[in-house]
Structures are given as C-alpha cells and as structure tokens.
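S.K.: Coordinates in target_32.cif, mmCIF, C-alpha atoms, are listed below.
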```
data_input
#
loop_
_atom_site.label_atom_id
_atom_site.label_comp_id
_atom_site.auth_asym_id
_atom_site.auth_seq_id
_atom_site.Cartn_x
_atom_site.Cartn_y
_atom_site.Cartn_z
CA MET P 1 9.41 -16.23 55.38
CA ILE P 2 5.72 -16.66 56.23
CA GLU P 3 5.10 -20.34 56.79
CA HIS P 4 2.07 -22.62 57.16
CA ILE P 5 -0.35 -20.39 55.23
CA GLN P 6 -3.46 -22.30 54.19
CA ALA P 7 -5.84 -19.37 53.64
CA VAL P 8 -5.71 -15.69 52.71
CA ILE P 9 -8.36 -13.31 54.04
CA PHE P 10 -8.83 -9.84 52.55
CA ASP P 11 -10.52 -6.74 53.80
CA ILE P 12 -12.25 -5.14 50.79
CA ASP P 13 -12.42 -1.33 50.99
CA GLY P 14 -8.98 0.21 50.64
CA THR P 15 -7.44 -3.26 50.49
CA LEU P 16 -8.81 -4.97 47.37
CA VAL P 17 -10.46 -1.92 45.82
CA ASP P 18 -9.73 1.82 45.87
CA SER P 19 -12.99 2.86 47.51
CA MET P 20 -12.03 4.87 50.58
CA GLY P 21 -12.02 8.14 48.66
CA VAL P 22 -15.52 7.37 47.43
CA TRP P 23 -16.74 6.97 51.00
CA TYR P 24 -15.22 10.29 51.97
CA ASP P 25 -17.16 11.91 49.10
CA ILE P 26 -20.34 10.14 50.20
CA ASP P 27 -19.86 11.38 53.76
CA VAL P 28 -19.38 14.96 52.53
CA GLU P 29 -22.54 14.69 50.41
CA TYR P 30 -24.52 13.08 53.23
CA PHE P 31 -23.66 15.79 55.74
CA LYS P 32 -24.70 18.42 53.19
CA LEU P 33 -28.06 16.65 52.84
CA LEU P 34 -28.38 16.59 56.64
CA GLY P 35 -27.47 20.26 56.84
CA ILE P 36 -24.85 19.78 59.55
CA PRO P 37 -21.06 20.21 59.50
CA MET P 38 -18.92 17.12 58.96
CA PRO P 39 -16.46 16.53 61.83
CA PRO P 40 -12.84 16.56 60.64
CA THR P 41 -12.13 13.42 62.70
CA LEU P 42 -15.05 11.41 61.29
CA GLN P 43 -13.00 8.86 59.31
CA LYS P 44 -10.86 8.00 62.33
CA ASP P 45 -13.87 8.00 64.67
CA ILE P 46 -15.71 5.32 62.66
CA GLU P 47 -12.65 3.29 61.61
CA GLY P 48 -13.36 -0.43 61.65
CA MET P 49 -17.01 -0.11 62.71
CA SER P 50 -19.50 -2.37 60.97
CA PHE P 51 -22.04 -0.82 58.60
CA THR P 52 -24.70 -1.11 61.31
CA GLU P 53 -22.42 0.19 64.08
CA THR P 54 -21.62 3.21 61.90
CA ALA P 55 -25.32 3.89 61.29
CA VAL P 56 -25.96 3.71 65.04
CA TYR P 57 -23.05 6.08 65.62
CA PHE P 58 -24.48 8.57 63.10
CA LYS P 59 -27.98 8.41 64.55
CA GLU P 60 -26.84 8.89 68.14
CA THR P 61 -23.96 11.32 67.60
CA PHE P 62 -25.75 13.61 65.16
CA GLN P 63 -29.21 13.18 66.71
CA LEU P 64 -30.92 11.99 63.53
CA THR P 65 -34.27 11.56 65.27
CA GLU P 66 -36.28 11.45 62.03
CA LYS P 67 -34.27 8.57 60.60
CA THR P 68 -34.14 4.93 61.67
CA ILE P 69 -30.94 2.89 61.57
CA ASP P 70 -32.29 1.14 58.46
CA ASP P 71 -33.08 4.50 56.82
CA ILE P 72 -29.47 5.60 57.25
CA LYS P 73 -28.10 2.34 55.88
CA LEU P 74 -30.41 2.47 52.87
CA ASP P 75 -29.32 6.05 52.18
CA TRP P 76 -25.69 4.92 52.01
CA ILE P 77 -26.45 1.84 49.92
CA ARG P 78 -28.28 3.96 47.34
CA MET P 79 -25.41 6.46 47.22
CA ALA P 80 -22.68 3.82 46.91
CA HIS P 81 -24.03 0.89 44.89
CA GLU P 82 -23.55 2.27 41.38
CA LYS P 83 -20.11 3.58 42.29
CA TYR P 84 -19.01 0.10 43.38
CA LEU P 85 -20.28 -1.50 40.20
CA TYR P 86 -18.98 1.01 37.67
CA GLU P 87 -16.44 3.45 39.13
CA ILE P 88 -14.24 1.82 41.76
CA LYS P 89 -11.07 0.18 40.52
CA SER P 90 -9.15 -2.76 41.96
CA LYS P 91 -5.82 -2.34 43.72
CA PRO P 92 -2.77 -2.82 41.47
CA GLY P 93 -1.87 -6.50 41.22
CA ALA P 94 -4.94 -7.69 43.17
CA LYS P 95 -6.45 -9.59 40.23
CA GLU P 96 -3.18 -11.32 39.43
CA PHE P 97 -2.52 -12.19 43.09
CA ILE P 98 -5.96 -13.73 43.60
CA LYS P 99 -5.51 -15.71 40.37
CA PHE P 100 -2.16 -16.93 41.70
CA LEU P 101 -3.72 -18.02 45.01
CA LYS P 102 -6.48 -19.96 43.28
CA GLU P 103 -3.96 -21.69 41.03
CA LYS P 104 -2.05 -22.75 44.16
CA GLY P 105 -5.22 -24.07 45.79
CA ILE P 106 -5.12 -21.51 48.58
CA LYS P 107 -8.50 -20.78 50.17
CA THR P 108 -9.57 -17.13 50.01
CA GLY P 109 -12.12 -15.10 51.93
CA CYS P 110 -13.22 -11.54 52.66
CA ALA P 111 -13.82 -9.92 56.04
CA THR P 112 -15.35 -6.49 55.54
CA SER P 113 -16.94 -3.79 57.66
CA ASN P 114 -19.12 -2.87 54.69
CA GLU P 115 -22.71 -3.92 53.99
CA LYS P 116 -23.16 -7.29 52.23
CA SER P 117 -24.72 -6.08 48.97
CA LEU P 118 -22.02 -3.41 48.62
CA ALA P 119 -19.32 -5.96 49.39
CA MET P 120 -20.62 -8.18 46.60
CA ALA P 121 -20.92 -5.16 44.27
CA ALA P 122 -17.24 -4.43 44.98
CA LEU P 123 -16.21 -7.99 44.10
CA GLN P 124 -18.47 -8.60 41.10
CA PRO P 125 -16.89 -6.29 38.46
CA HIS P 126 -13.49 -7.90 39.01
CA GLY P 127 -14.72 -11.48 38.79
CA TRP P 128 -14.06 -12.20 42.46
CA SER P 129 -17.55 -13.12 43.63
CA ASP P 130 -17.10 -16.80 42.82
CA LYS P 131 -13.42 -16.88 43.78
CA MET P 132 -13.99 -16.19 47.48
CA ASN P 133 -14.75 -19.23 49.62
CA SER P 134 -16.31 -16.97 52.24
CA VAL P 135 -17.50 -13.34 52.31
CA ARG P 136 -18.51 -12.07 55.74
CA THR P 137 -19.45 -8.62 57.02
CA ALA P 138 -18.96 -7.25 60.51
CA CYS P 139 -22.75 -7.01 60.80
CA GLU P 140 -22.79 -10.83 60.94
CA VAL P 141 -20.72 -11.04 64.14
CA CYS P 142 -21.00 -9.59 67.63
CA LYS P 143 -18.39 -6.84 67.30
CA GLY P 144 -16.74 -5.01 64.41
CA LYS P 145 -13.03 -4.38 64.02
CA PRO P 146 -10.71 -4.06 65.98
CA ALA P 147 -12.41 -7.05 67.66
CA PRO P 148 -11.25 -10.31 66.03
CA ASP P 149 -14.78 -11.70 65.54
CA ILE P 150 -15.07 -11.29 61.78
CA TYR P 151 -11.66 -12.77 61.01
CA LEU P 152 -12.33 -15.73 63.28
CA LYS P 153 -15.69 -16.25 61.54
CA VAL P 154 -14.13 -16.33 58.07
CA ALA P 155 -11.40 -18.72 59.28
CA GLU P 156 -14.15 -20.96 60.67
CA ASP P 157 -15.95 -20.86 57.31
CA LEU P 158 -12.72 -21.82 55.55
CA GLY P 159 -11.95 -24.59 58.00
CA VAL P 160 -8.49 -23.16 58.70
CA LYS P 161 -6.87 -22.41 62.06
CA PRO P 162 -6.23 -18.68 62.67
CA GLU P 163 -2.46 -19.20 62.86
CA ASN P 164 -2.58 -20.59 59.31
CA CYS P 165 -4.34 -17.50 57.91
CA LEU P 166 -2.76 -14.51 56.19
CA VAL P 167 -4.67 -11.21 56.40
CA PHE P 168 -4.45 -8.17 54.11
CA GLU P 169 -5.68 -4.87 55.61
CA ASP P 170 -5.28 -1.14 54.98
CA ILE P 171 -6.30 0.53 58.26
CA PRO P 172 -5.01 0.20 61.83
CA ASN P 173 -8.20 -1.16 63.41
CA GLY P 174 -8.52 -3.80 60.70
CA MET P 175 -4.94 -4.85 61.32
CA ARG P 176 -5.60 -5.00 65.06
CA ALA P 177 -8.56 -7.30 64.34
CA GLY P 178 -6.37 -9.67 62.34
CA LYS P 179 -3.63 -9.66 64.97
CA ALA P 180 -6.17 -10.20 67.77
CA ALA P 181 -7.41 -13.24 65.84
CA GLY P 182 -3.88 -14.67 65.94
CA MET P 183 -3.24 -14.24 62.22
CA THR P 184 -0.28 -12.88 60.23
CA VAL P 185 -1.16 -9.41 58.93
CA ILE P 186 0.16 -7.63 55.85
CA GLY P 187 -0.61 -3.93 55.47
CA VAL P 188 -1.62 -2.66 52.02
CA GLU P 189 -0.82 0.91 51.09
CA ASP P 190 -3.87 3.12 50.62
CA GLU P 191 -3.99 6.86 50.05
CA GLY P 192 -6.57 7.36 52.78
CA ALA P 193 -4.44 5.58 55.38
CA LYS P 194 -1.08 7.20 54.62
CA LYS P 195 -1.40 9.54 57.60
CA TYR P 196 -1.51 6.48 59.88
CA ARG P 197 1.64 4.88 58.43
CA SER P 198 3.70 4.98 61.65
CA GLU P 199 0.79 3.40 63.54
CA ILE P 200 0.38 0.81 60.78
CA ASP P 201 4.07 -0.12 60.89
CA GLU P 202 3.77 -0.84 64.61
CA ILE P 203 0.84 -3.23 64.11
CA CYS P 204 1.30 -5.23 60.91
CA ASP P 205 3.88 -7.94 60.32
CA TYR P 206 4.72 -6.80 56.79
CA PHE P 207 3.74 -3.94 54.48
CA ILE P 208 3.30 -3.80 50.69
CA THR P 209 2.73 -0.91 48.31
CA ASP P 210 0.67 -3.17 46.01
CA TYR P 211 0.11 -6.87 45.32
CA TYR P 212 2.91 -6.97 42.77
CA ASP P 213 5.19 -6.93 45.83
CA MET P 214 3.80 -10.37 46.64
CA LEU P 215 4.00 -11.68 43.10
CA GLU P 216 7.54 -10.40 42.60
CA GLY P 217 8.76 -12.08 45.77
CA LYS P 218 9.51 -8.98 47.81
CA ILE P 219 7.78 -10.85 50.60
CA GLU P 220 8.41 -14.58 50.26
CA VAL P 221 5.52 -16.82 51.21
CA GLU P 222 5.71 -20.56 51.69
CA TYR P 223 2.27 -21.99 50.96
CA GLU P 224 1.71 -25.22 52.84
CA LEU P 225 -1.62 -26.74 51.87
CA SER P 226 -3.74 -28.74 54.29
CA SER P 227 -3.35 -31.79 52.07
CA GLY P 228 0.45 -31.59 52.15
CA LYS P 229 3.07 -29.36 50.56
#
```
Produce structure tokens that represent the structure in this file.

M.R.:
Amino acid sequence: MIEHIQAVIFDIDGTLVDSMGVWYDIDVEYFKLLGIPMPPTLQKDIEGMSFTETAVYFKETFQLTEKTIDDIKLDWIRMAHEKYLYEIKSKPGAKEFIKFLKEKGIKTGCATSNEKSLAMAALQPHGWSDKMNSVRTACEVCKGKPAPDIYLKVAEDLGVKPENCLVFEDIPNGMRAGKAAGMTVIGVEDEGAKKYRSEIDEICDYFITDYYDMLEGKIEVEYELSSGK
C-alpha cells in the first residue's frame, strides 16, 4: 500500500511515451553526419543528463569545435520534433491512468531530461499538455538526474511535499533522482532499459510492465488528497 499520495510526477521519454528507440536512431544518424564512430556505451554514458548537459558532453567528448552547444541542440530538435508529433506512441495504459488521476483530483506533473519544445511535442498528440499541472526540464535546474533537483522543482510547482509524491521512471538515474528527492518511485518497463533490470529492481520501490498494472490494482494506491480523503 502506497499511502499519502497527493501528486504523481512522470518522466516522459521511455516512461509516458515509447521514444527511447527513436533517440537511439537519431544518435546513429547524428554520428554518421559527424563522420565519427558511435561509442557502444553512449546511452549509458549520457543517462539522465539534461538536454544541455548532453550537448556539452558531445561537444567536449567528440571535439565538435565547429559547433556551438546551441547548434548541437538545434540539430537534435530538428531531427526529433516531427517524430514526437507523428510517430511516437504512448505507453500502454498511460492515457487511461492519467484520466483516472485527473478524475480523482490528483495533481500531475512531468520531470524530463528532454528539451522543453520536444517535451511538449511528446505530450500534445496524446492530449496531455493541458492535463499536467507542471512540466519541467532538467535544463531549468542546477543539475540533471540523478540529482533530485528536477523532481523537487516539480513538487514545489505542485505545492506538494516530496514524501507525498509518486514518481514513474524507466531508467536507473531517473529513479535515483526520485529517490534522492524523498519520493516513492515506480519503475516502468521499457525495451531500452531491460538490460538494467537488476539495477532497476534495487532502486525502485515497485515495478510495472505497463500502466494497466496500476489500473487493475496490481499495485494498490491509497490516494489521500490535500483537502481530505
């Protein structure tokens, strides 16, 4: 039983939408454009970094002297924007679960490492843009995940204490961020994170294969609203 939950905070990529595979494809394409080999450990190396932190990492690690940080970010935005709007699908049960939360009066927010316009492009096709009480990116705080900054910022926006927040995440560093913020963390199965499952199990409080697990009561949640029961 998870008690005293007044707000639910979602990561977006790999948690609300199936986008991690798209980013792998973008990375492959980008390295081809740069004419340099893509490191096999890239995804793990940049896990949890903010959009800006990742651009800095690329510039410094791969010595992209002819590109500015903003150039790199704009490259990625151009490559990803249409995919978010028209290709990327929501996680099974996510729409129904968010509808359920809103019906119960539970505050909802997003804490993403992605860039703001891409985050909104991910939410828009599924009708979630106006259902989130706060959408924050790691570029808006001092440190990206696994630091707790972004989750604490969203909790502040929502006016809810961290211990009364429930977090959904798909990757280890995101889960560490939620735990470091003092929140209850539920892992969401994602194809790109399957290889980290043992690590994930050690970090998160619960794990679901999809949001139907929540709706079907496989994990029971007692929602206690700030105004009462």

S.K.: Which residue is closest to Lys102 (chain P)? Choose from P:Val185, P:Val160, P:Met132, P:Ala55 and count only C-alpha atoms.

M.R.: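 Of P:Val185, P:Val160, P:Met132, P:Ala55, the one nearest Lys102 (chain P), counting only C-alpha atoms, is P:Met132.
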
S.K.: Running the PyMOL selection byres ((chain P and resi 152) around 9) on this model by hand, what would come out? Give it as a PyMOL selection string.

M.R.: chain P and resi 148-151+153-157+161-162+178+181-182

S.K.: Assuming the chain letters and numbering stay as they are in my file, what does the PyMOL selection byres ((chain P and resi 169-173) around 8) actually select? List them as a PyMOL selection string.

M.R.: chain P and resi 10-11+14-15+47-48+145-146+167-168+174-177+185-190+193+196+199-200+203

S.K.: Determine, counting all atoms listed in the file, which protein, DNA and RNA residues have an atom within 10 Å of an atom of Met38 (chain P); residues of the same chain fewer than 4 positions away are not included. Present the result as number ranges by chain.

M.R.: P: 27-32, 34, 42, 62

S.K.: Taking all atoms listed in the file into account, name the residue in P:Asp210, P:Glu60, P:Glu115, P:Glu87 that is nearest to Leu16 (chain P).

M.R.: P:Asp210

S.K.: Give me the residues near region 133-138 of chain P as a list in words, where near means some atom within 6 Å (using all atoms listed in the file) and where sequence neighbours in that chain fewer than 3 positions away do not count.

M.R.: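 After dropping sequence-adjacent residues, the list is Ser50, Thr108, Gly109, Cys110, Ala111, Thr112, Ser113, Val141, Gly144 and Ile150 of chain P.
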
S.K.: Counting all atoms listed in the file, which of P:Ser129, P:Asn114, P:Ser198, P:Thr65 gets nearest to Ile12 (chain P)?

M.R.: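 Closest candidate: P:Asn114.
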
S.K.: Decode the PyMOL selection byres ((chain P and resi 96) around 12) for the given file into explicit residues and return them as an MDAnalysis selection string.

M.R.: chainID P and resid 16 90:95 97:103 126:128 210:216

S.K.: In Å to one decimal, how far is CA of Leu85 (chain P) from CA of Pro125 (chain P)?

M.R.: 6.1 Å

S.K.: May I ask for the distance between CA of Thr209 (chain P) and CA of Asn164 (chain P), given in Å to one decimal place?

M.R.: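 Distance reported for this atom pair: 23.2 Å.
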
S.K.: Between CA of Trp23 (chain P) and CA of Ile36 (chain P), what distance in Å does the model show, to one decimal?

M.R.: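 Result for CA of Trp23 (chain P) versus CA of Ile36 (chain P): 17.4 Å, one decimal.
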
S.K.: Counting all atoms listed in the file, which of P:Ala147, P:Ile5, P:Asp45, P:Gly192 gets nearest to Lys179 (chain P)?

M.R.: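 That would be P:Ala147, the residue with the smallest distance to Lys179 (chain P).
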
S.K.: Using all atoms listed in the file, pick whichever of P:Thr68, P:Met183, P:Pro39, P:Lys218 has the shortest atom-to-atom distance to Glu163 (chain P).

M.R.: P:Met183

S.K.: I'd like to know which of P:Ala122, P:Phe58, P:Leu166, P:Lys44 is closest to Glu82 (chain P), using only C-alpha atoms.

M.R.: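 Once distances to Glu82 (chain P) are computed over only C-alpha atoms, the minimum belongs to P:Ala122.
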